[in-house]
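Trainee: A single structure is presented below for examination.
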Amino acid sequence: MLSHIVASRLRDVTSNPARRIRRLRELDDIVLTQKAVCVRSTDPDAWYPITTDPDLYRAIAEERCADCPFTGLAGPCLERALLMEHGLPRYEIDGIAAGTTPTERIALRVATPAQDDVEVAA
């Protein structure tokens, strides 16, 4: 079950393109290493389950990412996925990322409003 608690780091999602790209590069350096389970995987199709059963999809997502140090609601993998799905161009939202399903990430994006670097006059 998806938690309603969202880590504060996820609130760094932004629509500011330069800031978004800079953060994505930082996260790539962290996540896209041999420590990540998905990077070590030899079967890319394993990350795109073909099922219409949301409970089965959720179970597969949990299983695939269980041993990964970057997974979880406050993990850099989820932050990276949300940033990729938030900006323009929008990246594909299908598949497993950080032990979450596409439906869960959509819910997280809705619950985590983007913050622009816009100053508000007092």
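Ordering of the structure tokens sets the chain letters (A, B, ...), residue numbers begin anew at 1 in every chain, and ligands are numbered from 1 in the order given.
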Could you pull out all residues of region 37-108 of chain A with a DSSP call of helix (DSSP H, G or I) and give them as number ranges by chain?

Mentor: A: 37-40, 44-47, 54-65, 76-86, 102-108

Trainee: Keeping only C-alpha atoms, write the selected residues to a file as a PDB file, in the first residue's frame.

Mentor:
ATOM      1  CA  VAL A  37      20.119  -3.950  -9.243  1.00  0.00           C
ATOM      2  CA  CYS A  38      18.670  -2.721 -12.547  1.00  0.00           C
ATOM      3  CA  VAL A  39      22.093  -1.833 -13.938  1.00  0.00           C
ATOM      4  CA  ARG A  40      23.367  -5.326 -13.146  1.00  0.00           C
ATOM      5  CA  PRO A  44      15.765  -5.302 -19.535  1.00  0.00           C
ATOM      6  CA  ASP A  45      12.290  -6.779 -20.120  1.00  0.00           C
ATOM      7  CA  ALA A  46      12.209  -7.821 -16.457  1.00  0.00           C
ATOM      8  CA  TRP A  47      11.559  -4.174 -15.564  1.00  0.00           C
ATOM      9  CA  PRO A  54      -2.065  -4.198 -10.079  1.00  0.00           C
ATOM     10  CA  ASP A  55      -1.316  -6.429  -7.085  1.00  0.00           C
ATOM     11  CA  LEU A  56       0.893  -8.715  -9.175  1.00  0.00           C
ATOM     12  CA  TYR A  57       2.662  -5.698 -10.730  1.00  0.00           C
ATOM     13  CA  ARG A  58       3.277  -4.320  -7.230  1.00  0.00           C
ATOM     14  CA  ALA A  59       4.658  -7.664  -6.032  1.00  0.00           C
ATOM     15  CA  ILE A  60       6.996  -7.871  -9.031  1.00  0.00           C
ATOM     16  CA  ALA A  61       8.196  -4.291  -8.420  1.00  0.00           C
ATOM     17  CA  GLU A  62       8.949  -5.027  -4.771  1.00  0.00           C
ATOM     18  CA  GLU A  63      10.773  -8.239  -5.681  1.00  0.00           C
ATOM     19  CA  ARG A  64      12.899  -6.677  -8.450  1.00  0.00           C
ATOM     20  CA  CYS A  65      14.123  -3.789  -6.275  1.00  0.00           C
ATOM     21  CA  PRO A  76      17.578   8.609  -5.203  1.00  0.00           C
ATOM     22  CA  CYS A  77      16.114   6.165  -7.749  1.00  0.00           C
ATOM     23  CA  LEU A  78      12.555   7.344  -7.082  1.00  0.00           C
ATOM     24  CA  GLU A  79      13.629  10.974  -7.095  1.00  0.00           C
ATOM     25  CA  ARG A  80      15.296  10.385 -10.470  1.00  0.00           C
ATOM     26  CA  ALA A  81      12.192   8.670 -11.883  1.00  0.00           C
ATOM     27  CA  LEU A  82       9.931  11.485 -10.702  1.00  0.00           C
ATOM     28  CA  LEU A  83      12.221  14.131 -12.178  1.00  0.00           C
ATOM     29  CA  MET A  84      12.353  12.305 -15.501  1.00  0.00           C
ATOM     30  CA  GLU A  85       8.577  11.941 -15.597  1.00  0.00           C
ATOM     31  CA  HIS A  86       7.955  15.527 -14.516  1.00  0.00           C
ATOM     32  CA  PRO A 102       3.799   3.590 -12.854  1.00  0.00           C
ATOM     33  CA  THR A 103       0.454   4.124 -11.085  1.00  0.00           C
ATOM     34  CA  GLU A 104       2.191   4.721  -7.764  1.00  0.00           C
ATOM     35  CA  ARG A 105       4.591   7.228  -9.314  1.00  0.00           C
ATOM     36  CA  ILE A 106       1.683   9.121 -10.863  1.00  0.00           C
ATOM     37  CA  ALA A 107       0.085   9.301  -7.404  1.00  0.00           C
ATOM     38  CA  LEU A 108       3.377  10.515  -5.926  1.00  0.00           C
TER      39      LEU A 108
END

Trainee: Taking 5 positions as the minimum chain separation for residues in the same chain, which residues sit within 9 Å of Tyr48 (chain A) when counting only C-alpha atoms? Answer as a ChimeraX atom specification.

Mentor: /A:94-96

Trainee: Using N, CA and C atoms, can you write the selected residues to a file as an mmCIF file, in the first residue's frame?

Mentor:
data_model
loop_
_atom_site.group_PDB
_atom_site.id
_atom_site.type_symbol
_atom_site.label_atom_id
_atom_site.label_comp_id
_atom_site.auth_asym_id
_atom_site.auth_seq_id
_atom_site.Cartn_x
_atom_site.Cartn_y
_atom_site.Cartn_z
ATOM 1 N N ASP A 94 6.295 4.009 -17.979
ATOM 2 C CA ASP A 94 6.047 2.581 -17.814
ATOM 3 C C ASP A 94 7.217 1.931 -17.094
ATOM 4 N N GLY A 95 6.946 0.779 -16.549
ATOM 5 C CA GLY A 95 8.022 -0.002 -15.955
ATOM 6 C C GLY A 95 8.211 0.265 -14.473
ATOM 7 N N ILE A 96 9.143 -0.495 -13.928
ATOM 8 C CA ILE A 96 9.449 -0.447 -12.499
ATOM 9 C C ILE A 96 10.587 0.533 -12.261
#

Trainee: Would you mind reading off the distance between CA of Thr42 (chain A) and CA of Asp29 (chain A), one decimal, in Å?

Mentor: 20.4 Å

Trainee: When distances are computed from only C-alpha atoms, which of A:Gly75, A:Pro49, A:Val110, A:Phe70 shows the smallest separation from Gln34 (chain A)?

Mentor: A:Phe70
